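Novice: What follows is coords16.cif; its format and atoms are mmCIF, C-alpha atoms and all ligand atoms.
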data_entry
#
loop_
_atom_site.label_atom_id
_atom_site.label_comp_id
_atom_site.auth_asym_id
_atom_site.auth_seq_id
_atom_site.Cartn_x
_atom_site.Cartn_y
_atom_site.Cartn_z
CA MET A 91 -10.84 29.75 1.94
CA HIS A 92 -10.14 33.43 1.29
CA SER A 93 -7.93 34.96 -1.35
CA SER A 94 -5.78 37.98 -0.70
CA THR A 95 -2.59 39.39 -2.17
CA HIS A 96 0.46 40.63 -0.26
CA ARG A 97 3.66 42.09 -1.64
CA SER A 98 7.21 42.23 -0.25
CA ASP A 99 10.75 42.62 -1.56
CA VAL A 100 11.62 39.07 -0.51
CA LEU A 101 9.53 35.97 0.15
CA VAL A 102 11.14 33.16 2.15
CA ILE A 103 9.46 29.77 1.79
CA GLY A 104 10.20 27.69 4.89
CA GLY A 105 10.47 28.78 8.52
CA GLY A 106 13.07 26.40 9.96
CA ILE A 107 16.30 27.89 11.26
CA ILE A 108 17.68 28.44 7.74
CA GLY A 109 14.56 30.27 6.51
CA LEU A 110 14.36 32.28 9.73
CA VAL A 111 18.00 33.36 9.71
CA THR A 112 17.70 34.35 6.05
CA ALA A 113 14.57 36.40 6.81
CA TRP A 114 16.07 38.07 9.89
CA ARG A 115 19.37 39.03 8.29
CA THR A 116 17.62 40.27 5.14
CA ALA A 117 15.09 42.38 7.06
CA ARG A 118 18.02 44.00 8.87
CA ARG A 119 19.36 45.10 5.49
CA GLY A 120 16.22 47.20 5.02
CA LEU A 121 14.26 44.92 2.67
CA THR A 122 10.65 43.99 3.36
CA VAL A 123 10.41 40.25 4.03
CA ALA A 124 7.50 37.80 4.14
CA LEU A 125 7.89 34.21 5.32
CA ALA A 126 5.52 31.32 4.60
CA ASP A 127 5.40 28.29 6.90
CA PRO A 128 2.49 26.65 8.74
CA ALA A 129 4.58 26.34 11.93
CA PRO A 130 7.64 28.62 11.85
CA GLY A 131 10.42 27.58 14.21
CA GLY A 132 9.66 23.88 13.67
CA GLY A 133 11.42 21.40 11.42
CA ALA A 134 14.67 19.55 11.90
CA ALA A 135 15.95 22.02 14.53
CA GLN A 136 13.36 20.60 16.95
CA VAL A 137 15.18 17.27 16.74
CA ALA A 138 18.85 18.18 16.13
CA ALA A 139 21.42 17.92 18.91
CA GLY A 140 23.11 21.21 17.99
CA MET A 141 26.74 20.13 17.72
CA LEU A 142 28.99 22.67 16.01
CA ALA A 143 31.15 19.84 14.73
CA ALA A 144 33.27 21.40 11.96
CA VAL A 145 36.38 19.43 12.99
CA THR A 146 34.97 16.16 14.37
CA GLU A 147 32.59 15.67 11.41
CA LEU A 148 35.28 16.29 8.78
CA HIS A 149 35.13 13.79 5.90
CA TYR A 150 37.51 12.99 3.05
CA GLY A 151 36.76 15.00 -0.05
CA GLU A 152 34.83 17.66 1.89
CA GLU A 153 37.65 20.20 2.31
CA THR A 154 35.65 22.91 0.46
CA LEU A 155 32.73 22.40 2.82
CA LEU A 156 35.17 22.52 5.73
CA ALA A 157 36.04 26.11 4.84
CA LEU A 158 32.37 27.13 5.06
CA ASN A 159 31.85 25.10 8.25
CA THR A 160 34.84 26.64 10.03
CA ALA A 161 33.86 30.14 8.85
CA SER A 162 30.42 29.63 10.40
CA ALA A 163 31.81 28.11 13.62
CA ALA A 164 34.09 31.13 14.01
CA ARG A 165 31.08 33.47 13.82
CA TYR A 166 28.94 31.62 16.37
CA GLU A 167 29.84 33.38 19.58
CA ALA A 168 29.27 36.86 18.12
CA PHE A 169 26.15 35.61 16.31
CA ALA A 170 24.71 34.28 19.61
CA ALA A 171 25.32 37.65 21.28
CA GLU A 172 23.78 39.60 18.39
CA LEU A 173 20.77 37.29 18.29
CA ALA A 174 20.26 37.62 22.05
CA GLU A 175 20.07 41.38 21.62
CA ALA A 176 17.84 41.24 18.53
CA SER A 177 15.42 38.76 20.12
CA GLY A 178 14.89 40.70 23.32
CA GLY A 179 17.31 38.66 25.42
CA LEU A 180 16.82 35.04 24.32
CA ASP A 181 19.82 32.84 24.99
CA ILE A 182 20.53 30.08 22.42
CA GLY A 183 22.60 27.95 24.80
CA TYR A 184 25.94 28.49 23.06
CA ARG A 185 28.33 26.38 25.12
CA ALA A 186 32.08 26.41 24.40
CA CYS A 187 32.53 22.93 25.84
CA GLY A 188 34.60 21.15 23.17
CA THR A 189 34.25 17.56 21.96
CA LEU A 190 35.96 14.25 22.62
CA SER A 191 35.79 11.61 19.84
CA VAL A 192 36.73 8.20 21.17
CA ALA A 193 37.51 4.72 19.86
CA LEU A 194 36.21 1.52 21.42
CA ASP A 195 38.15 -1.10 19.45
CA SER A 196 41.15 -1.33 17.15
CA ASP A 197 39.08 -0.64 13.98
CA ASP A 198 37.58 2.50 15.56
CA ARG A 199 41.07 3.51 16.67
CA LEU A 200 42.43 3.18 13.14
CA HIS A 201 39.50 5.21 11.78
CA LEU A 202 40.12 7.92 14.36
CA ARG A 203 43.88 7.96 13.67
CA GLU A 204 43.10 8.55 9.99
CA LEU A 205 40.66 11.32 10.88
CA HIS A 206 43.36 12.89 13.05
CA ALA A 207 45.86 12.80 10.16
CA LEU A 208 43.27 14.42 7.86
CA GLN A 209 42.51 17.10 10.45
CA GLN A 210 46.21 17.86 10.76
CA ARG A 211 46.66 18.08 6.99
CA CYS A 212 43.79 20.59 6.99
CA GLY A 213 45.49 22.65 9.71
CA LEU A 214 42.80 21.93 12.32
CA GLU A 215 43.38 21.72 16.05
CA SER A 216 42.90 18.28 17.57
CA GLU A 217 44.96 16.30 20.03
CA TRP A 218 45.40 12.51 20.26
CA LEU A 219 44.77 11.13 23.77
CA THR A 220 45.28 7.67 25.23
CA GLY A 221 42.28 5.86 26.70
CA ARG A 222 43.46 6.77 30.18
CA GLU A 223 43.74 10.45 29.25
CA CYS A 224 40.22 10.34 27.80
CA ARG A 225 38.84 8.90 31.02
CA ARG A 226 40.69 11.49 33.07
CA LEU A 227 38.78 14.15 31.13
CA GLU A 228 35.47 12.28 31.22
CA PRO A 229 35.37 9.79 34.12
CA MET A 230 32.00 8.33 32.99
CA LEU A 231 33.60 6.85 29.85
CA ALA A 232 33.77 3.06 29.58
CA PRO A 233 37.02 1.46 30.79
CA GLY A 234 37.43 -0.10 27.32
CA VAL A 235 37.92 3.24 25.50
CA ARG A 236 41.15 2.80 23.48
CA GLY A 237 42.01 6.39 22.68
CA GLY A 238 40.45 9.54 21.39
CA LEU A 239 40.69 12.94 19.82
CA ARG A 240 40.27 16.04 21.94
CA VAL A 241 38.82 18.86 19.85
CA ASP A 242 38.42 21.94 22.01
CA GLY A 243 36.92 24.03 19.20
CA ASP A 244 33.77 21.96 18.44
CA HIS A 245 31.07 23.46 20.64
CA GLN A 246 27.25 23.27 20.86
CA VAL A 247 24.06 25.32 20.90
CA ASP A 248 20.50 24.31 21.74
CA PRO A 249 18.67 24.26 18.37
CA ARG A 250 15.22 24.67 19.95
CA ARG A 251 16.36 27.83 21.68
CA LEU A 252 18.06 28.93 18.47
CA ALA A 253 14.77 28.55 16.57
CA ALA A 254 12.84 30.45 19.25
CA ALA A 255 15.36 33.30 19.26
CA LEU A 256 15.37 33.56 15.46
CA LEU A 257 11.57 33.65 15.43
CA ALA A 258 11.52 36.49 17.97
CA ALA A 259 14.28 38.37 16.10
CA CYS A 260 12.30 38.07 12.85
CA GLU A 261 9.15 39.39 14.50
CA ARG A 262 11.03 42.34 15.98
CA ALA A 263 12.69 43.06 12.60
CA GLY A 264 9.26 43.28 10.92
CA VAL A 265 9.21 39.99 9.01
CA VAL A 266 5.58 39.23 8.07
CA PHE A 267 4.62 35.62 8.82
CA HIS A 268 2.03 33.74 6.77
CA ARG A 269 1.19 30.59 8.72
CA ALA A 270 0.28 28.36 5.77
CA ASN A 271 1.97 26.03 3.31
CA ALA A 272 3.39 27.39 0.06
CA GLU A 273 1.66 25.26 -2.53
CA ARG A 274 2.95 26.63 -5.82
CA LEU A 275 5.66 28.99 -7.01
CA THR A 276 4.33 31.78 -9.20
CA VAL A 277 6.39 32.39 -12.34
CA THR A 278 5.69 35.53 -14.37
CA ALA A 279 7.56 36.38 -17.58
CA ASP A 280 10.15 33.64 -16.86
CA ARG A 281 10.87 35.01 -13.38
CA ALA A 282 9.92 33.83 -9.90
CA ALA A 283 7.31 36.28 -8.70
CA GLY A 284 5.89 34.83 -5.47
CA ALA A 285 3.83 31.88 -4.28
CA VAL A 286 0.27 30.75 -3.70
CA LEU A 287 -0.43 29.38 -0.22
CA ASP A 288 -2.82 26.59 0.68
CA ASP A 289 -5.15 29.08 2.42
CA GLY A 290 -5.57 30.94 -0.88
CA THR A 291 -3.22 33.81 -0.06
CA GLN A 292 -1.15 35.05 -2.99
CA LEU A 293 2.25 36.43 -2.08
CA THR A 294 4.20 38.44 -4.61
CA ALA A 295 7.84 39.35 -4.20
CA GLY A 296 10.81 40.67 -6.15
CA GLN A 297 12.91 37.69 -5.00
CA VAL A 298 11.96 34.29 -3.60
CA VAL A 299 14.13 32.10 -1.36
CA LEU A 300 13.28 28.42 -1.14
CA ALA A 301 14.46 27.31 2.32
CA ALA A 302 12.16 24.43 3.12
CA GLY A 303 14.78 21.86 4.23
CA SER A 304 14.08 18.33 3.04
CA LEU A 305 10.75 19.52 1.55
CA SER A 306 12.47 22.01 -0.77
CA GLY A 307 12.20 19.78 -3.83
CA ARG A 308 8.43 19.42 -3.50
CA LEU A 309 7.16 22.93 -4.26
CA ALA A 310 4.94 22.84 -7.36
CA GLY A 311 5.62 25.23 -10.21
CA VAL A 312 9.43 25.19 -10.00
CA PRO A 313 10.89 24.52 -13.47
CA VAL A 314 12.74 21.18 -13.68
CA GLY A 315 16.18 22.83 -14.01
CA ALA A 316 15.70 24.77 -10.77
CA VAL A 317 14.29 22.00 -8.54
CA PRO A 318 16.72 21.50 -5.64
CA PRO A 319 18.21 17.99 -5.55
CA VAL A 320 17.45 17.35 -1.87
CA ARG A 321 16.33 14.15 -0.26
CA PRO A 322 15.26 13.37 3.31
CA VAL A 323 17.75 11.51 5.53
CA LYS A 324 16.07 10.40 8.71
CA GLY A 325 17.74 10.85 12.08
CA GLN A 326 16.34 9.41 15.29
CA VAL A 327 17.42 11.24 18.43
CA LEU A 328 16.87 10.58 22.15
CA ARG A 329 16.74 13.00 25.04
CA LEU A 330 17.65 11.92 28.56
CA SER A 331 17.86 13.92 31.73
CA VAL A 332 20.76 13.98 34.17
CA PRO A 333 19.48 14.31 37.76
CA ALA A 334 21.35 16.95 39.80
CA ALA A 335 22.83 14.22 42.00
CA TYR A 336 24.65 12.72 38.95
CA ALA A 337 26.10 16.00 37.70
CA PRO A 338 28.55 16.61 36.16
CA PHE A 339 27.79 13.51 34.10
CA LEU A 340 29.70 14.63 31.00
CA SER A 341 31.42 17.98 30.64
CA ARG A 342 31.70 18.03 26.84
CA THR A 343 30.22 16.32 23.78
CA VAL A 344 31.40 12.71 23.56
CA ARG A 345 31.12 10.82 20.30
CA ALA A 346 32.30 7.69 18.52
CA VAL A 347 31.78 5.57 15.45
CA VAL A 348 30.54 2.21 16.74
CA ARG A 349 30.40 -0.59 14.13
CA GLY A 350 30.18 2.07 11.43
CA SER A 351 27.38 4.12 13.06
CA HIS A 352 27.86 7.57 14.52
CA VAL A 353 26.74 8.02 18.08
CA TYR A 354 27.08 11.22 20.09
CA LEU A 355 26.13 12.40 23.55
CA VAL A 356 25.62 16.14 23.92
CA PRO A 357 25.28 17.39 27.52
CA ARG A 358 23.45 20.66 28.11
CA GLU A 359 23.97 22.92 31.08
CA ASN A 360 20.31 22.40 32.12
CA GLY A 361 20.84 18.65 32.59
CA GLU A 362 19.45 17.51 29.23
CA LEU A 363 21.57 14.86 27.50
CA VAL A 364 20.92 14.44 23.78
CA VAL A 365 21.87 11.11 22.20
CA GLY A 366 21.93 10.85 18.41
CA ALA A 367 21.57 9.88 15.72
CA THR A 368 20.56 7.27 13.21
CA SER A 369 21.04 8.00 9.51
CA GLU A 370 18.39 6.30 7.40
CA GLU A 371 17.33 6.72 3.78
CA LEU A 372 13.63 5.93 4.17
CA GLY A 373 11.89 8.76 2.34
CA TRP A 374 9.47 10.83 4.40
CA ASP A 375 9.12 8.38 7.26
CA THR A 376 9.61 9.94 10.71
CA THR A 377 8.57 6.97 12.84
CA VAL A 378 10.62 6.38 15.95
CA THR A 379 11.42 2.68 15.85
CA ALA A 380 12.36 0.20 18.55
CA GLY A 381 15.38 -0.73 16.45
CA GLY A 382 16.57 2.88 16.17
CA VAL A 383 16.20 3.52 19.89
CA TYR A 384 17.85 0.17 20.70
CA GLU A 385 20.87 0.86 18.49
CA LEU A 386 21.41 4.35 19.88
CA LEU A 387 21.13 3.18 23.48
CA ARG A 388 23.31 0.13 22.82
CA ASP A 389 26.08 2.22 21.23
CA ALA A 390 25.80 5.04 23.77
CA HIS A 391 25.91 2.49 26.58
CA GLU A 392 29.15 1.03 25.19
CA LEU A 393 30.66 4.50 25.42
CA VAL A 394 29.15 5.66 28.71
CA PRO A 395 27.64 2.70 30.61
CA GLY A 396 26.01 4.97 33.23
CA ILE A 397 23.44 6.30 30.75
CA THR A 398 21.12 3.38 31.49
CA GLU A 399 20.47 4.94 34.92
CA LEU A 400 19.10 8.17 33.40
CA PRO A 401 15.43 8.94 32.73
CA LEU A 402 14.61 8.77 29.01
CA THR A 403 12.48 11.86 28.41
CA GLU A 404 11.94 12.02 24.64
CA THR A 405 12.41 10.10 21.41
CA ARG A 406 11.98 11.86 18.09
CA ALA A 407 12.94 11.61 14.42
CA GLY A 408 13.70 14.40 11.98
CA LEU A 409 14.70 14.68 8.33
CA ARG A 410 18.04 16.11 7.22
CA PRO A 411 18.01 17.69 3.76
CA GLY A 412 20.71 15.68 1.96
CA THR A 413 22.25 16.68 -1.38
CA PRO A 414 24.30 14.64 -3.89
CA ASP A 415 27.61 16.01 -2.50
CA ASN A 416 26.50 16.54 1.13
CA ALA A 417 27.03 20.30 0.79
CA PRO A 418 24.35 23.01 0.95
CA LEU A 419 22.66 24.78 -1.95
CA LEU A 420 23.16 28.53 -1.54
CA GLY A 421 22.38 31.19 -4.11
CA PRO A 422 20.59 31.82 -7.38
CA THR A 423 19.00 29.11 -9.50
CA ASP A 424 18.59 29.04 -13.28
CA LEU A 425 15.17 30.70 -12.79
CA PRO A 426 15.73 34.45 -12.31
CA GLY A 427 14.43 35.65 -8.95
CA LEU A 428 14.51 32.19 -7.33
CA HIS A 429 17.28 31.47 -4.81
CA LEU A 430 17.98 28.44 -2.67
CA ALA A 431 19.09 28.17 0.96
CA THR A 432 18.70 24.47 1.62
CA GLY A 433 20.47 21.09 1.55
CA HIS A 434 22.44 21.67 4.76
CA TYR A 435 22.32 17.92 5.52
CA ARG A 436 24.25 17.25 8.78
CA ASN A 437 25.34 20.86 9.22
CA GLY A 438 22.20 23.00 9.41
CA VAL A 439 22.76 24.33 12.93
CA LEU A 440 26.47 24.90 12.34
CA LEU A 441 25.89 26.72 9.05
CA THR A 442 23.08 28.98 10.29
CA PRO A 443 25.19 32.14 10.87
CA VAL A 444 27.07 32.02 7.57
CA THR A 445 23.91 31.13 5.64
CA GLY A 446 22.08 34.16 7.02
CA ASP A 447 24.94 36.44 6.09
CA VAL A 448 25.53 35.18 2.54
CA MET A 449 21.82 35.08 1.69
CA ALA A 450 21.21 38.60 3.03
CA GLU A 451 24.17 39.89 1.03
CA LEU A 452 22.88 38.20 -2.13
CA LEU A 453 19.34 39.52 -1.66
CA ALA A 454 20.45 43.05 -0.81
CA THR A 455 23.20 43.48 -3.43
CA GLY A 456 22.71 40.78 -6.07
CA GLN A 457 26.22 39.44 -5.31
CA LEU A 458 26.80 36.02 -3.78
CA PRO A 459 29.77 36.34 -1.38
CA GLU A 460 32.95 34.47 -2.28
CA ALA A 461 32.57 32.01 0.64
CA ALA A 462 29.30 30.68 -0.81
CA ARG A 463 30.27 30.43 -4.48
CA PRO A 464 31.35 26.76 -4.36
CA PHE A 465 27.82 25.98 -3.12
CA THR A 466 25.76 27.57 -5.85
CA PRO A 467 22.86 25.35 -6.97
CA ARG A 468 24.15 25.73 -10.52
CA ARG A 469 26.87 23.16 -9.78
CA PHE A 470 24.16 20.54 -10.42
CA SER A 471 22.58 22.17 -13.49
CA SER A 472 24.61 20.27 -16.11
CA VAL A 473 24.05 16.97 -14.27
CA ARG A 474 20.30 17.62 -14.29
CA GLU A 475 20.24 18.66 -17.93
CA GLU A 476 22.04 15.43 -18.89
CA SER A 477 19.73 13.25 -16.80
CA TYR A 478 16.60 14.89 -18.24
CA ALA A 479 17.90 14.90 -21.86
N1 LIG B 1 25.37 16.53 12.62
C1 LIG B 1 24.77 15.49 13.32
C2 LIG B 1 23.73 14.75 12.61
O1 LIG B 1 23.29 15.15 11.55
O2 LIG B 1 23.34 13.73 13.09
#
Take the structure I supplied and represent it as structure tokens, if you would.
Specialist:
Amino acid sequence: MHSSTHRSDVLVIGGGIIGLVTAWRTARRGLTVALADPAPGGGAAQVAAGMLAAVTELHYGEETLLALNTASAARYEAFAAELAEASGGLDIGYRACGTLSVALDSDDRLHLRELHALQQRCGLESEWLTGRECRRLEPMLAPGVRGGLRVDGDHQVDPRRLAAALLAACERAGVVFHRANAERLTVTADRAAGAVLDDGTQLTAGQVVLAAGSLSGRLAGVPVGAVPPVRPVKGQVLRLSVPAAYAPFLSRTVRAVVRGSHVYLVPRENGELVVGATSEELGWDTTVTAGGVYELLRDAHELVPGITELPLTETRAGLRPGTPDNAPLLGPTDLPGLHLATGHYRNGVLLTPVTGDVMAELLATGQLPEAARPFTPRRFSSVREESYA
């Protein structure tokens, strides 16, 4: 083990898509940026399906989050073009294909009707279709589909390509990568001042961003009041492949809630079909289980019976960083110099553009943009103080 010291304006801890976008956007503002991660570009983005589901994943009580989600969705097309240029031509697979949410029985139909009413109250665009109209759009749907919601504004990207493009953009923008784990936050004179890595490297920085997804709460040295309240929520995801002879199998994302579980099928232009996802509170476990695969295939088969003909090419599990209110943690903590960009839960891919922009603005100017203020980590400070009292 060697020991060396490196200094930058900003240190980003975590090299998933949120850490990478923060590093890239910040470097473009003229700050020097270092990023610590043993395998940058990895993490939950290697598993995620990449739905930009601001409208179809709307939930009661999450109207504030909706504003951030729709703001990020609206930026995606321009963001994809800018990233392609900054990465030397890498395409992130942005596909403006829309989404169809369908119901298989009368309970699902009621649930979807309520979602439609909520979407309308929120001023969102979605259209109710009969089962027959759904099947006219997507002929592979099961004959039993009872109705659905057509949401033409919920698109997709390929998160693996997104991670690769962000990595290349960071390298070209001069971000310095340290391929090791951040073991401990350094605090000097009551201020975050850098981190010590597990290879002995000491990084010092004027500002530190903790962007380590579900691992963000595990960095040693963070004072109790600033520890992000994130927990891992496991998602198992399958990848199938649509042979050319079967194309077009699905032309848009198709999803449903089957017996209370979300299932979605996300078709890529290259023939990949992503089927997700379980949602399991099992700590750090990332085992792919027979039960998880069975449930996903069973539910997906109810929606689109023809999937059983397709080659199953990959099964994988990832960890979403969940927070107590399902919304991200963006901005300064109670420890001066330490900021968070984590806790994106089910919306990490969707929120990547807006996260990069608000974090870069904060790091460059000291001001957290208005759009991010409802998501400051300080919203949990009083709760934490009471629970530790
Ligand atoms: N947003 C999809 C998921 O987290 O499964």
Novice: Go ahead and compute the interatomic distance for CA of Leu328 in chain A and CA of Val365 in chain A, in Å to one decimal.
Specialist: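 We find that CA of Leu328 in chain A and CA of Val365 in chain A lie 5.0 Å from each other.
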Novice: For ligand LIG 1 (chain B), take all atoms listed in the file, fit an axis-aligned box around them, add 3 Å to each of the six sides, then output centre and edge lengths in Å rounded to one decimal, as JSON.
Specialist:
{"center_x": 24.3, "center_y": 15.1, "center_z": 12.4, "size_x": 8.1, "size_y": 8.8, "size_z": 7.8}
Novice: Would you please work out which residue, of A:Met141, A:Leu409, A:Leu458, A:Val314, is nearest to Arg358 in chain A when using all atoms listed in the file?
Specialist: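 The shortest atom-to-atom distance to Arg358 in chain A comes from A:Met141.
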Novice: Mind checking which residues fall within 8 Å of range 439-451 of chain A, counting only C-alpha atoms, ignoring those fewer than 4 positions away in the same chain, and posting them as a PDB file with C-alpha atoms, keeping the file's coordinate frame?
Specialist:
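To be explicit, this is the file written out as selection-v3.pdb:
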ATOM      1  CA  ILE A 107      16.300  27.890  11.260  1.00  0.00           C
ATOM      2  CA  ILE A 108      17.680  28.440   7.740  1.00  0.00           C
ATOM      3  CA  VAL A 111      18.000  33.360   9.710  1.00  0.00           C
ATOM      4  CA  THR A 112      17.700  34.350   6.050  1.00  0.00           C
ATOM      5  CA  ALA A 113      14.570  36.400   6.810  1.00  0.00           C
ATOM      6  CA  TRP A 114      16.070  38.070   9.890  1.00  0.00           C
ATOM      7  CA  ARG A 115      19.370  39.030   8.290  1.00  0.00           C
ATOM      8  CA  THR A 116      17.620  40.270   5.140  1.00  0.00           C
ATOM      9  CA  ARG A 119      19.360  45.100   5.490  1.00  0.00           C
ATOM     10  CA  ALA A 135      15.950  22.020  14.530  1.00  0.00           C
ATOM     11  CA  ALA A 138      18.850  18.180  16.130  1.00  0.00           C
ATOM     12  CA  GLY A 140      23.110  21.210  17.990  1.00  0.00           C
ATOM     13  CA  MET A 141      26.740  20.130  17.720  1.00  0.00           C
ATOM     14  CA  LEU A 142      28.990  22.670  16.010  1.00  0.00           C
ATOM     15  CA  ALA A 143      31.150  19.840  14.730  1.00  0.00           C
ATOM     16  CA  ALA A 144      33.270  21.400  11.960  1.00  0.00           C
ATOM     17  CA  LEU A 158      32.370  27.130   5.060  1.00  0.00           C
ATOM     18  CA  ASN A 159      31.850  25.100   8.250  1.00  0.00           C
ATOM     19  CA  ALA A 161      33.860  30.140   8.850  1.00  0.00           C
ATOM     20  CA  SER A 162      30.420  29.630  10.400  1.00  0.00           C
ATOM     21  CA  ALA A 163      31.810  28.110  13.620  1.00  0.00           C
ATOM     22  CA  ARG A 165      31.080  33.470  13.820  1.00  0.00           C
ATOM     23  CA  TYR A 166      28.940  31.620  16.370  1.00  0.00           C
ATOM     24  CA  PHE A 169      26.150  35.610  16.310  1.00  0.00           C
ATOM     25  CA  PRO A 249      18.670  24.260  18.370  1.00  0.00           C
ATOM     26  CA  LEU A 420      23.160  28.530  -1.540  1.00  0.00           C
ATOM     27  CA  GLY A 421      22.380  31.190  -4.110  1.00  0.00           C
ATOM     28  CA  ALA A 431      19.090  28.170   0.960  1.00  0.00           C
ATOM     29  CA  HIS A 434      22.440  21.670   4.760  1.00  0.00           C
ATOM     30  CA  THR A 455      23.200  43.480  -3.430  1.00  0.00           C
ATOM     31  CA  GLY A 456      22.710  40.780  -6.070  1.00  0.00           C
ATOM     32  CA  GLN A 457      26.220  39.440  -5.310  1.00  0.00           C
ATOM     33  CA  LEU A 458      26.800  36.020  -3.780  1.00  0.00           C
ATOM     34  CA  PRO A 459      29.770  36.340  -1.380  1.00  0.00           C
ATOM     35  CA  ALA A 461      32.570  32.010   0.640  1.00  0.00           C
ATOM     36  CA  ALA A 462      29.300  30.680  -0.810  1.00  0.00           C
TER      37      ALA A 462
END
Novice: Quick one: residues within 9 Å of ligand LIG 1 (chain B), with all atoms listed in the file, as an MDAnalysis selection string?
Specialist: chainID A and resid 138:143 147 323 325:327 352:354 366:369 410 435:440
Novice: Quick one: pull the distance between CA of Glu228 in chain A and CA of Arg342 in chain A, Å, one decimal.
Specialist: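 Calculated distance between CA of Glu228 in chain A and CA of Arg342 in chain A is 8.2 Å.
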Novice: Using Å and a single decimal, report how far CA of Gln292 in chain A sits from CA of Arg274 in chain A.
Specialist: 9.8 Å
Novice: Report as a count of residues only all protein, DNA and RNA residues lying within 8 Å of Ala263 in chain A, evaluated on only C-alpha atoms, omitting residues in the same chain fewer than 4 positions from it.
Specialist: 4
Novice: Name the residues in contact with Thr398 in chain A at a cut-off of 12 Å, using all atoms listed in the file, excluding same-chain residues fewer than 3 positions from it; report them as a list in words.
Specialist: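 So, after excluding close chain neighbours, the residues are Leu330, Ser331, Val332, Tyr384, Leu386, Leu387, Arg388, Asp389, Ala390, His391, Glu392, Leu393, Val394, Pro395, Pro401 and Leu402 of chain A.
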Novice: With C-alpha atoms retained, could you export that selection as a PDB file, keeping the file's coordinate frame?
Specialist:
ATOM      1  CA  LEU A 330      17.650  11.920  28.560  1.00  0.00           C
ATOM      2  CA  SER A 331      17.860  13.920  31.730  1.00  0.00           C
ATOM      3  CA  VAL A 332      20.760  13.980  34.170  1.00  0.00           C
ATOM      4  CA  TYR A 384      17.850   0.170  20.700  1.00  0.00           C
ATOM      5  CA  LEU A 386      21.410   4.350  19.880  1.00  0.00           C
ATOM      6  CA  LEU A 387      21.130   3.180  23.480  1.00  0.00           C
ATOM      7  CA  ARG A 388      23.310   0.130  22.820  1.00  0.00           C
ATOM      8  CA  ASP A 389      26.080   2.220  21.230  1.00  0.00           C
ATOM      9  CA  ALA A 390      25.800   5.040  23.770  1.00  0.00           C
ATOM     10  CA  HIS A 391      25.910   2.490  26.580  1.00  0.00           C
ATOM     11  CA  GLU A 392      29.150   1.030  25.190  1.00  0.00           C
ATOM     12  CA  LEU A 393      30.660   4.500  25.420  1.00  0.00           C
ATOM     13  CA  VAL A 394      29.150   5.660  28.710  1.00  0.00           C
ATOM     14  CA  PRO A 395      27.640   2.700  30.610  1.00  0.00           C
ATOM     15  CA  PRO A 401      15.430   8.940  32.730  1.00  0.00           C
ATOM     16  CA  LEU A 402      14.610   8.770  29.010  1.00  0.00           C
TER      17      LEU A 402
END
Novice: Determine, counting all atoms listed in the file, every residue of protein, DNA or RNA that lies within 12 Å of (27.0, 17.2, 35.0) in the file coordinates, then give the result as a ChimeraX atom specification.
Specialist: /A:228-230,331-343,356-363
Novice: Return the single residue from A:Leu293, A:Ala255, A:Val192, A:Cys187 that is closest to Gly221 in chain A, with distances computed using only C-alpha atoms.
Specialist: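 Among the listed residues, A:Val192 lies closest to Gly221 in chain A.
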Novice: Could you pull the residues within 9 Å of Leu156 in chain A, counting all atoms listed in the file, minus those fewer than 6 positions along the same chain, as a list in words?
Specialist: Ala144, Val145, Leu148, His149 and Cys212 of chain A
Novice: Quick one: everything within 7 Å of His268 in chain A, counting only C-alpha atoms, minus sequence neighbours fewer than 6 positions away in the same chain. Send it as a ChimeraX atom specification.
Specialist: /A:125-127
Novice: Nearest to Asp280 in chain A among A:Val312, A:Leu257, A:Leu372, A:Val320, with distances taken over only C-alpha atoms: which residue is it?
Specialist: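 Smallest separation from Asp280 in chain A among the options: A:Val312.
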Novice: Write a file for range 212-217 of chain A, containing N, CA, C and O atoms (output as a CSV table (one decimal), in the first residue's frame).
Specialist:
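Output contents, as saved in out10.csv:
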chain,number,residue,atom,x,y,z
A,212,CYS,N,-52.9,16.4,-12.0
A,212,CYS,CA,-51.6,17.0,-12.0
A,212,CYS,C,-51.3,17.6,-13.4
A,212,CYS,O,-50.1,18.1,-13.6
A,213,GLY,N,-52.2,17.6,-14.3
A,213,GLY,CA,-52.0,18.2,-15.6
A,213,GLY,C,-51.1,17.5,-16.5
A,213,GLY,O,-50.5,18.0,-17.4
A,214,LEU,N,-51.1,16.1,-16.3
A,214,LEU,CA,-50.2,15.3,-17.2
A,214,LEU,C,-50.9,14.7,-18.3
A,214,LEU,O,-52.2,14.5,-18.2
A,215,GLU,N,-50.2,14.4,-19.4
A,215,GLU,CA,-50.9,13.9,-20.6
A,215,GLU,C,-50.9,12.3,-20.5
A,215,GLU,O,-49.8,11.7,-20.5
A,216,SER,N,-52.1,11.8,-20.5
A,216,SER,CA,-52.3,10.3,-20.6
A,216,SER,C,-53.7,10.1,-21.1
A,216,SER,O,-54.6,10.9,-20.8
A,217,GLU,N,-53.8,9.0,-21.8
A,217,GLU,CA,-55.1,8.8,-22.5
A,217,GLU,C,-55.6,7.4,-22.1
A,217,GLU,O,-54.8,6.4,-22.2
